[in-house]
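Colleague: Shown below is the structure under consideration.
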Amino acid sequence: MSGVVGRLAPSPTGAQHVGNARTYLLAWLSARRPLTLPSPPSDGGEGRVRGRVVLRIEDVDSPRVKPGAAAGAVEDLRWLGLDWDGEPVVQTQRLPLYESALQTLRQREMVYPCTCTRSDVERAASAPHAEYEGPVYPGTCAGRRAADADALGDRPYCWRFRVPERSPGWDDGFLGPTAIDLRTVGGDFVVWKAARSGDRAATGPAYQLAVVVDDAAQGVTEVVRGDDLIPSTPRQLLLYEALGLRPPRFVHVPLVTGPDGRRLAKRHGDTRLSSLRAAGVSAERLLGLLARSCGWIDAIRPVTARELLPLFRLDAVPRRPFVLTADLLRAIGYG
């Protein structure tokens with residue numbers, strides 16, 4: 001029996017900020033904390049095991065990837081004192097794995113080629129949609145079979161996964177039993193981005209497929225991430241089932257927001273980790289702020305990630321988002 005395998009998975013589409021740091025810290029502590037596991041009968045007792053952490057650079061969203069952002073994310077994680085096991089995995093170096101998974105889905109008729117553009121879907125939408133999810137796909141191309149892609153010629157198309165009548169629920173490590181009806185949140189979803197028939201250079205895996213393939217290949221058993229990704233979980237559970245893979249435990253934690261209640265972004269000022277570092281803020285002071293926000297310490301004070309291991313308690317983390325204010329940033333010497 002082994003311990004937890006968690007993961008850190010930055011996307012190099014921009015600089016890492018305080019909100020990313022809080023989620024990374026939660027993920028790292030949850031995996032690294034010592035666990036008491038039964039030892040083999042010959043040992044006659046229990047053993048203390050620390051989980052593993054793997055690092056993956058999620059760079060398949062190539063149009064949005066910023067030069068230098070991947071190296072910057074690695075530097076930020078090291079500055080925070082969050083280590084990992086083995087060499088980092090880079091998604092754009094693993095395309096054959098994703099192509100194989102897509103081929104499996106095609107053979108099982110779980111996906112179909114879709115020629116609808118984003119504007120087509122938006123025009124067909126009949127109801128408001130979630131801020132980050134987009135409109136529900138109306139099923140315009142759902143009557144196609146996988147083999148119909150061969151007849152599309154030069155028409156650009158993506159591959160969509162057929163969402164069944166019933167979406168899978170899960171026992172979330174933070175939220176408890178959770179369920180979402182995908183028919184009302186996005187509908188059939190993209191697993192392979194639009195390309196022209198036979199043009200491999202213009203195609204690539206979508207986030208949902210890539211992370212499922214990677215988490216399974218890397219042996220990840222626990223995924224700790226922001227609760228803005230809750231709608232992704234039933235999609236990924238469907239893909240795990242379709243590909244015959246074992247899903248990890250999902251843990252969705254509240255985001256960091258600005259005073260306006262919206263998730264942290266440029267509109268809230270410069271909260272990039274590189275900017276804090278350049279201003280002379282130590283990682284220990286930032287970690288003290290984050291630890292206080294999670295309910296592990298009573299006041300903001302310098303602390304290292306490893307010093308937080310014995311203090312980590314997921315049930316102490318407040319259920320509401322953490323509101324980052326200018327006063328809190330000033331308390332750690334920034335601004």
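Simple scheme: letters A, B, ... for chains in structure tokens order, numbers from 1 for residues in each chain, numbers from 1 for ligands in the order shown.
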Need to verify the contact set: Cys114 in chain A, 12 Å, only C-alpha atoms, exclusion of same-chain residues closer than 5 positions in sequence. Can you return it as a CSV table (one decimal) with N, CA and C atoms, in the first residue's frame?
Modeller:
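Wrote it out as part.csv, contents follow:
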```
chain,number,residue,atom,x,y,z
A,120,ASP,N,-21.5,29.9,-33.9
A,120,ASP,CA,-22.7,29.0,-34.2
A,120,ASP,C,-23.3,28.6,-32.9
A,121,VAL,N,-22.5,28.1,-31.9
A,121,VAL,CA,-23.0,27.6,-30.6
A,121,VAL,C,-23.7,28.7,-29.9
A,137,TYR,N,-23.9,23.2,-25.7
A,137,TYR,CA,-23.9,22.8,-27.1
A,137,TYR,C,-25.2,22.2,-27.4
A,138,PRO,N,-25.9,22.7,-28.5
A,138,PRO,CA,-27.2,22.3,-28.9
A,138,PRO,C,-27.3,20.9,-29.6
A,139,GLY,N,-26.2,20.3,-29.9
A,139,GLY,CA,-26.2,18.9,-30.5
A,139,GLY,C,-26.4,19.0,-32.0
A,140,THR,N,-26.0,20.1,-32.6
A,140,THR,CA,-26.1,20.2,-34.0
A,140,THR,C,-25.5,19.1,-34.8
A,141,CYS,N,-24.3,18.7,-34.4
A,141,CYS,CA,-23.6,17.7,-35.2
A,141,CYS,C,-23.6,16.3,-34.5
A,142,ALA,N,-24.4,16.1,-33.5
A,142,ALA,CA,-24.4,14.9,-32.7
A,142,ALA,C,-24.9,13.7,-33.5
A,143,GLY,N,-25.5,13.9,-34.6
A,143,GLY,CA,-26.0,12.8,-35.4
A,143,GLY,C,-24.9,12.1,-36.2
A,144,ARG,N,-23.7,12.7,-36.2
A,144,ARG,CA,-22.6,12.1,-37.0
A,144,ARG,C,-22.0,11.0,-36.3
A,145,ARG,N,-21.3,10.1,-37.0
A,145,ARG,CA,-20.5,9.0,-36.5
A,145,ARG,C,-19.1,9.4,-36.7
A,146,ALA,N,-18.2,8.7,-36.0
A,146,ALA,CA,-16.8,9.0,-36.0
A,146,ALA,C,-16.2,9.0,-37.5
A,148,ASP,N,-17.5,9.7,-40.1
A,148,ASP,CA,-18.0,10.9,-41.0
A,148,ASP,C,-16.9,11.9,-41.1
A,149,ALA,N,-15.9,11.9,-40.2
A,149,ALA,CA,-14.8,12.9,-40.3
A,149,ALA,C,-14.1,12.8,-41.7
A,152,LEU,N,-15.3,15.2,-44.5
A,152,LEU,CA,-15.4,16.6,-44.2
A,152,LEU,C,-14.5,17.4,-45.0
A,155,ARG,N,-13.1,21.2,-44.3
A,155,ARG,CA,-13.9,21.9,-43.3
A,155,ARG,C,-13.2,21.7,-41.9
A,156,PRO,N,-12.9,22.7,-41.2
A,156,PRO,CA,-12.4,22.6,-39.8
A,156,PRO,C,-13.4,21.9,-38.9
A,157,TYR,N,-12.9,21.0,-38.0
A,157,TYR,CA,-13.8,20.3,-37.1
A,157,TYR,C,-13.1,20.0,-35.8
A,158,CYS,N,-13.8,19.8,-34.7
A,158,CYS,CA,-13.3,19.4,-33.5
A,158,CYS,C,-14.0,18.0,-33.2
A,159,TRP,N,-13.5,17.4,-32.1
A,159,TRP,CA,-14.1,16.1,-31.7
A,159,TRP,C,-14.9,16.4,-30.4
A,160,ARG,N,-16.1,16.1,-30.3
A,160,ARG,CA,-16.9,16.2,-29.1
A,160,ARG,C,-17.3,14.9,-28.5
A,161,PHE,N,-17.3,14.9,-27.2
A,161,PHE,CA,-17.7,13.7,-26.4
A,161,PHE,C,-19.2,13.7,-26.2
A,162,ARG,N,-19.8,12.5,-26.4
A,162,ARG,CA,-21.2,12.4,-26.2
A,162,ARG,C,-21.6,12.3,-24.7
A,188,ASP,N,-22.4,18.3,-24.7
A,188,ASP,CA,-21.3,17.6,-25.3
A,188,ASP,C,-20.1,18.5,-25.4
A,189,PHE,N,-19.0,18.0,-24.9
A,189,PHE,CA,-17.8,18.8,-24.8
A,189,PHE,C,-16.7,18.4,-25.7
A,190,VAL,N,-15.8,19.4,-26.0
A,190,VAL,CA,-14.7,19.2,-26.9
A,190,VAL,C,-13.6,18.4,-26.2
A,191,VAL,N,-13.1,17.4,-26.9
A,191,VAL,CA,-11.9,16.7,-26.4
A,191,VAL,C,-10.7,16.9,-27.3
A,192,TRP,N,-11.0,17.3,-28.5
A,192,TRP,CA,-9.9,17.6,-29.5
A,192,TRP,C,-10.2,18.8,-30.3
A,193,LYS,N,-9.3,19.7,-30.3
A,193,LYS,CA,-9.6,21.1,-30.9
A,193,LYS,C,-9.7,21.1,-32.4
A,194,ALA,N,-10.3,22.1,-32.9
A,194,ALA,CA,-10.7,22.1,-34.3
A,194,ALA,C,-9.4,22.1,-35.2
A,195,ALA,N,-9.6,21.3,-36.3
A,195,ALA,CA,-8.5,21.2,-37.3
A,195,ALA,C,-9.1,20.9,-38.6
A,196,ARG,N,-8.4,21.1,-39.7
A,196,ARG,CA,-8.8,20.6,-41.0
A,196,ARG,C,-8.5,19.1,-41.2
A,197,SER,N,-9.3,18.4,-41.9
A,197,SER,CA,-9.1,17.0,-42.1
A,197,SER,C,-7.7,16.7,-42.6
```
Colleague: So that I can check the surroundings of Leu287 in chain A, please list as a ChimeraX atom specification every protein, DNA and RNA residue that reaches within 9 Å of it, counting only C-alpha atoms and ignoring chain neighbours fewer than 3 positions away.
Modeller: /A:21-22,25,80,282-284,290-292,300-305
Colleague: I need the residues of range 123-321 of chain A that end up classed as strand (DSSP E or B) by DSSP on the backbone, written out as a PyMOL selection string.
Modeller: chain A and resi 157-161+170-172+176-178+189-195+205+222-226+249-253+256-257+263+272
Colleague: With only C-alpha atoms as the counted atoms, please give the residues lying no more than 9 Å from range 236-250 of chain A, apart from itself and same-chain residues fewer than 5 positions off, as a ChimeraX atom specification.
Modeller: /A:101,104-105,108,110,161,163-164,167-174,208-209,211-213,215-216,219-225
Colleague: How would the residues just picked look written out with N, CA, C and O atoms as a short mmCIF file (atom, residue, chain, number, x, y, z; two decimals), in the first residue's frame?
Modeller:
```
data_model
loop_
_atom_site.label_atom_id
_atom_site.label_comp_id
_atom_site.auth_asym_id
_atom_site.auth_seq_id
_atom_site.Cartn_x
_atom_site.Cartn_y
_atom_site.Cartn_z
N ALA A 101 -5.51 8.02 -27.09
CA ALA A 101 -6.76 8.08 -26.34
C ALA A 101 -7.92 8.51 -27.24
O ALA A 101 -9.02 7.95 -27.16
N THR A 104 -9.07 5.64 -29.30
CA THR A 104 -9.92 4.73 -28.53
C THR A 104 -11.35 5.24 -28.46
O THR A 104 -12.31 4.47 -28.64
N LEU A 105 -11.51 6.51 -28.20
CA LEU A 105 -12.85 7.10 -28.13
C LEU A 105 -13.56 7.03 -29.48
O LEU A 105 -14.77 6.80 -29.54
N ARG A 108 -14.84 3.54 -30.15
CA ARG A 108 -15.99 3.20 -29.30
C ARG A 108 -17.20 4.10 -29.56
O ARG A 108 -18.19 4.04 -28.83
N MET A 110 -17.69 7.16 -29.00
CA MET A 110 -18.00 8.05 -27.88
C MET A 110 -17.76 9.51 -28.23
O MET A 110 -18.05 10.40 -27.43
N PHE A 161 -17.27 14.87 -27.15
CA PHE A 161 -17.66 13.67 -26.40
C PHE A 161 -19.17 13.68 -26.19
O PHE A 161 -19.76 14.70 -25.83
N VAL A 163 -22.22 13.28 -24.19
CA VAL A 163 -22.62 13.26 -22.78
C VAL A 163 -23.86 12.39 -22.61
O VAL A 163 -24.86 12.59 -23.32
N PRO A 164 -23.84 11.42 -21.72
CA PRO A 164 -25.01 10.56 -21.53
C PRO A 164 -26.14 11.28 -20.79
O PRO A 164 -25.98 12.41 -20.33
N SER A 167 -25.21 12.32 -15.66
CA SER A 167 -23.81 12.70 -15.41
C SER A 167 -23.34 12.07 -14.10
O SER A 167 -24.11 11.97 -13.13
N PRO A 168 -22.08 11.65 -14.02
CA PRO A 168 -21.58 11.02 -12.80
C PRO A 168 -21.38 12.04 -11.68
O PRO A 168 -20.94 13.16 -11.91
N GLY A 169 -21.74 11.64 -10.48
CA GLY A 169 -21.43 12.43 -9.30
C GLY A 169 -20.16 11.92 -8.66
O GLY A 169 -19.58 10.92 -9.08
N TRP A 170 -19.70 12.59 -7.61
CA TRP A 170 -18.49 12.16 -6.92
C TRP A 170 -18.51 12.66 -5.48
O TRP A 170 -19.23 13.60 -5.14
N ASP A 171 -17.71 12.03 -4.64
CA ASP A 171 -17.58 12.43 -3.24
C ASP A 171 -16.36 13.33 -3.14
O ASP A 171 -15.23 12.86 -3.05
N ASP A 172 -16.59 14.63 -3.17
CA ASP A 172 -15.49 15.60 -3.18
C ASP A 172 -14.81 15.63 -1.81
O ASP A 172 -15.47 15.60 -0.77
N GLY A 173 -13.48 15.69 -1.84
CA GLY A 173 -12.71 15.69 -0.60
C GLY A 173 -12.90 16.92 0.25
O GLY A 173 -12.57 16.92 1.44
N PHE A 174 -13.45 18.00 -0.32
CA PHE A 174 -13.73 19.21 0.44
C PHE A 174 -15.23 19.49 0.54
O PHE A 174 -15.73 19.85 1.58
N GLN A 208 -9.64 18.78 -21.18
CA GLN A 208 -10.30 17.66 -20.50
C GLN A 208 -9.62 16.33 -20.80
O GLN A 208 -9.38 15.51 -19.90
N LEU A 209 -9.32 16.08 -22.07
CA LEU A 209 -8.69 14.81 -22.44
C LEU A 209 -7.25 14.73 -21.96
O LEU A 209 -6.82 13.71 -21.42
N VAL A 211 -5.64 16.17 -19.43
CA VAL A 211 -5.39 15.98 -18.00
C VAL A 211 -5.78 14.58 -17.54
O VAL A 211 -5.14 14.02 -16.64
N VAL A 212 -6.80 14.00 -18.14
CA VAL A 212 -7.19 12.63 -17.77
C VAL A 212 -6.09 11.65 -18.16
O VAL A 212 -5.66 10.80 -17.36
N VAL A 213 -5.59 11.77 -19.38
CA VAL A 213 -4.52 10.88 -19.83
C VAL A 213 -3.27 11.05 -18.96
O VAL A 213 -2.65 10.07 -18.54
N ASP A 215 -2.96 12.43 -15.80
CA ASP A 215 -3.11 12.03 -14.40
C ASP A 215 -3.05 10.51 -14.26
O ASP A 215 -2.45 9.98 -13.32
N ALA A 216 -3.66 9.80 -15.20
CA ALA A 216 -3.60 8.33 -15.16
C ALA A 216 -2.18 7.84 -15.41
O ALA A 216 -1.69 6.95 -14.70
N GLY A 219 0.09 8.35 -12.45
CA GLY A 219 -0.31 7.68 -11.22
C GLY A 219 -0.91 8.60 -10.18
O GLY A 219 -0.87 8.30 -8.98
N VAL A 220 -1.48 9.71 -10.61
CA VAL A 220 -2.05 10.67 -9.67
C VAL A 220 -3.29 10.08 -9.00
O VAL A 220 -4.19 9.57 -9.67
N THR A 221 -3.33 10.17 -7.68
CA THR A 221 -4.46 9.64 -6.92
C THR A 221 -5.31 10.73 -6.28
O THR A 221 -6.39 10.45 -5.77
N GLU A 222 -4.79 11.96 -6.28
CA GLU A 222 -5.54 13.07 -5.67
C GLU A 222 -5.30 14.34 -6.46
O GLU A 222 -4.17 14.71 -6.76
N VAL A 223 -6.40 15.02 -6.82
CA VAL A 223 -6.34 16.28 -7.54
C VAL A 223 -6.96 17.36 -6.67
O VAL A 223 -8.16 17.33 -6.40
N VAL A 224 -6.13 18.29 -6.21
CA VAL A 224 -6.60 19.44 -5.43
C VAL A 224 -6.53 20.65 -6.35
O VAL A 224 -5.47 20.99 -6.88
N ARG A 225 -7.66 21.32 -6.55
CA ARG A 225 -7.71 22.44 -7.48
C ARG A 225 -8.82 23.39 -7.08
O ARG A 225 -9.63 23.11 -6.19
#
```
Colleague: Under the rule that only C-alpha atoms are counted, which of A:Tyr334, A:Phe322, A:Trp79, A:Trp84 is the nearest residue to Val256 in chain A?
Modeller: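 Ranking A:Tyr334, A:Phe322, A:Trp79, A:Trp84 by distance to Val256 in chain A, first place goes to A:Phe322.
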Colleague: When DSSP is applied to the backbone of this structure, which of range 1-194 of chain A are assigned helix (DSSP H, G or I)? Write them out as a PyMOL selection string.
Modeller: chain A and resi 18-32+41-43+62-64+69-80+91-93+95-107+118-124+146-151
Colleague: Near Arg94 in chain A, within 12 Å and counting only C-alpha atoms, which residues show up once chain neighbours fewer than 6 positions away are dropped, as a list in words?
Modeller: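 So the residues in contact are Arg56, Ile57, Glu58, Asp59, Val60, Ser100, Ala101, Gly204, Pro205, Ala210, Val211, Val213, Asp214 and Ala217 of chain A.
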Colleague: If we count only C-alpha atoms and set the cut-off at 12 Å, which residues sit around Lys66 in chain A, ignoring sequence neighbours fewer than 5 positions away in its own chain? Please answer as a PyMOL selection string.
Modeller: chain A and resi 11-16+59-61+71-73
Colleague: Take the residues that were just selected and, keeping all heavy atoms, output them as a short mmCIF file (atom, residue, chain, number, x, y, z; two decimals), in the first residue's frame.
Modeller:
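selection15.cif was written with the following content:
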```
data_model
loop_
_atom_site.label_atom_id
_atom_site.label_comp_id
_atom_site.auth_asym_id
_atom_site.auth_seq_id
_atom_site.Cartn_x
_atom_site.Cartn_y
_atom_site.Cartn_z
N SER A 11 -0.36 26.25 -15.73
CA SER A 11 -0.55 26.50 -17.15
C SER A 11 0.23 27.76 -17.52
O SER A 11 0.00 28.81 -16.91
CB SER A 11 -2.03 26.68 -17.45
OG SER A 11 -2.23 27.03 -18.80
N PRO A 12 1.12 27.70 -18.49
CA PRO A 12 1.95 28.85 -18.84
C PRO A 12 1.25 29.84 -19.76
O PRO A 12 1.84 30.36 -20.71
CB PRO A 12 3.16 28.20 -19.52
CG PRO A 12 2.60 26.98 -20.17
CD PRO A 12 1.50 26.49 -19.25
N THR A 13 -0.01 30.11 -19.47
CA THR A 13 -0.76 31.10 -20.25
C THR A 13 -0.67 32.48 -19.62
O THR A 13 -1.26 33.43 -20.13
CB THR A 13 -2.23 30.68 -20.37
OG1 THR A 13 -2.77 30.47 -19.05
CG2 THR A 13 -2.36 29.40 -21.17
N GLY A 14 0.07 32.58 -18.53
CA GLY A 14 0.25 33.85 -17.85
C GLY A 14 1.07 33.64 -16.60
O GLY A 14 1.44 32.51 -16.27
N ALA A 15 1.36 34.72 -15.88
CA ALA A 15 2.16 34.64 -14.66
C ALA A 15 1.34 34.04 -13.52
O ALA A 15 0.12 34.20 -13.45
CB ALA A 15 2.67 36.02 -14.28
N GLN A 16 2.02 33.35 -12.62
CA GLN A 16 1.37 32.78 -11.44
C GLN A 16 1.17 33.88 -10.40
O GLN A 16 2.03 34.73 -10.20
CB GLN A 16 2.23 31.66 -10.86
CG GLN A 16 2.61 30.58 -11.86
CD GLN A 16 1.40 29.90 -12.47
OE1 GLN A 16 0.58 29.31 -11.77
NE2 GLN A 16 1.28 29.97 -13.79
N ASP A 59 0.64 22.92 -21.22
CA ASP A 59 0.86 23.90 -22.28
C ASP A 59 0.19 23.54 -23.60
O ASP A 59 0.61 24.01 -24.66
CB ASP A 59 2.36 24.10 -22.51
CG ASP A 59 3.06 22.82 -22.97
OD1 ASP A 59 2.46 21.73 -22.83
OD2 ASP A 59 4.19 22.92 -23.46
N VAL A 60 -0.87 22.72 -23.55
CA VAL A 60 -1.50 22.34 -24.82
C VAL A 60 -2.36 23.46 -25.41
O VAL A 60 -2.73 23.40 -26.58
CB VAL A 60 -2.36 21.06 -24.66
CG1 VAL A 60 -1.49 19.85 -24.41
CG2 VAL A 60 -3.41 21.23 -23.58
N ASP A 61 -2.67 24.47 -24.60
CA ASP A 61 -3.44 25.60 -25.12
C ASP A 61 -2.47 26.57 -25.79
O ASP A 61 -2.30 27.72 -25.37
CB ASP A 61 -4.19 26.29 -23.97
CG ASP A 61 -5.29 27.22 -24.48
OD1 ASP A 61 -5.44 27.32 -25.71
OD2 ASP A 61 -5.96 27.84 -23.65
N ALA A 71 8.91 28.54 -17.42
CA ALA A 71 10.09 28.69 -16.56
C ALA A 71 9.76 29.55 -15.35
O ALA A 71 10.23 29.29 -14.23
CB ALA A 71 11.24 29.30 -17.35
N GLY A 72 8.94 30.58 -15.56
CA GLY A 72 8.53 31.43 -14.44
C GLY A 72 7.73 30.68 -13.41
O GLY A 72 7.89 30.88 -12.20
N ALA A 73 6.84 29.78 -13.85
CA ALA A 73 6.04 28.98 -12.92
C ALA A 73 6.92 28.06 -12.08
O ALA A 73 6.70 27.91 -10.87
CB ALA A 73 5.00 28.18 -13.69
#
```
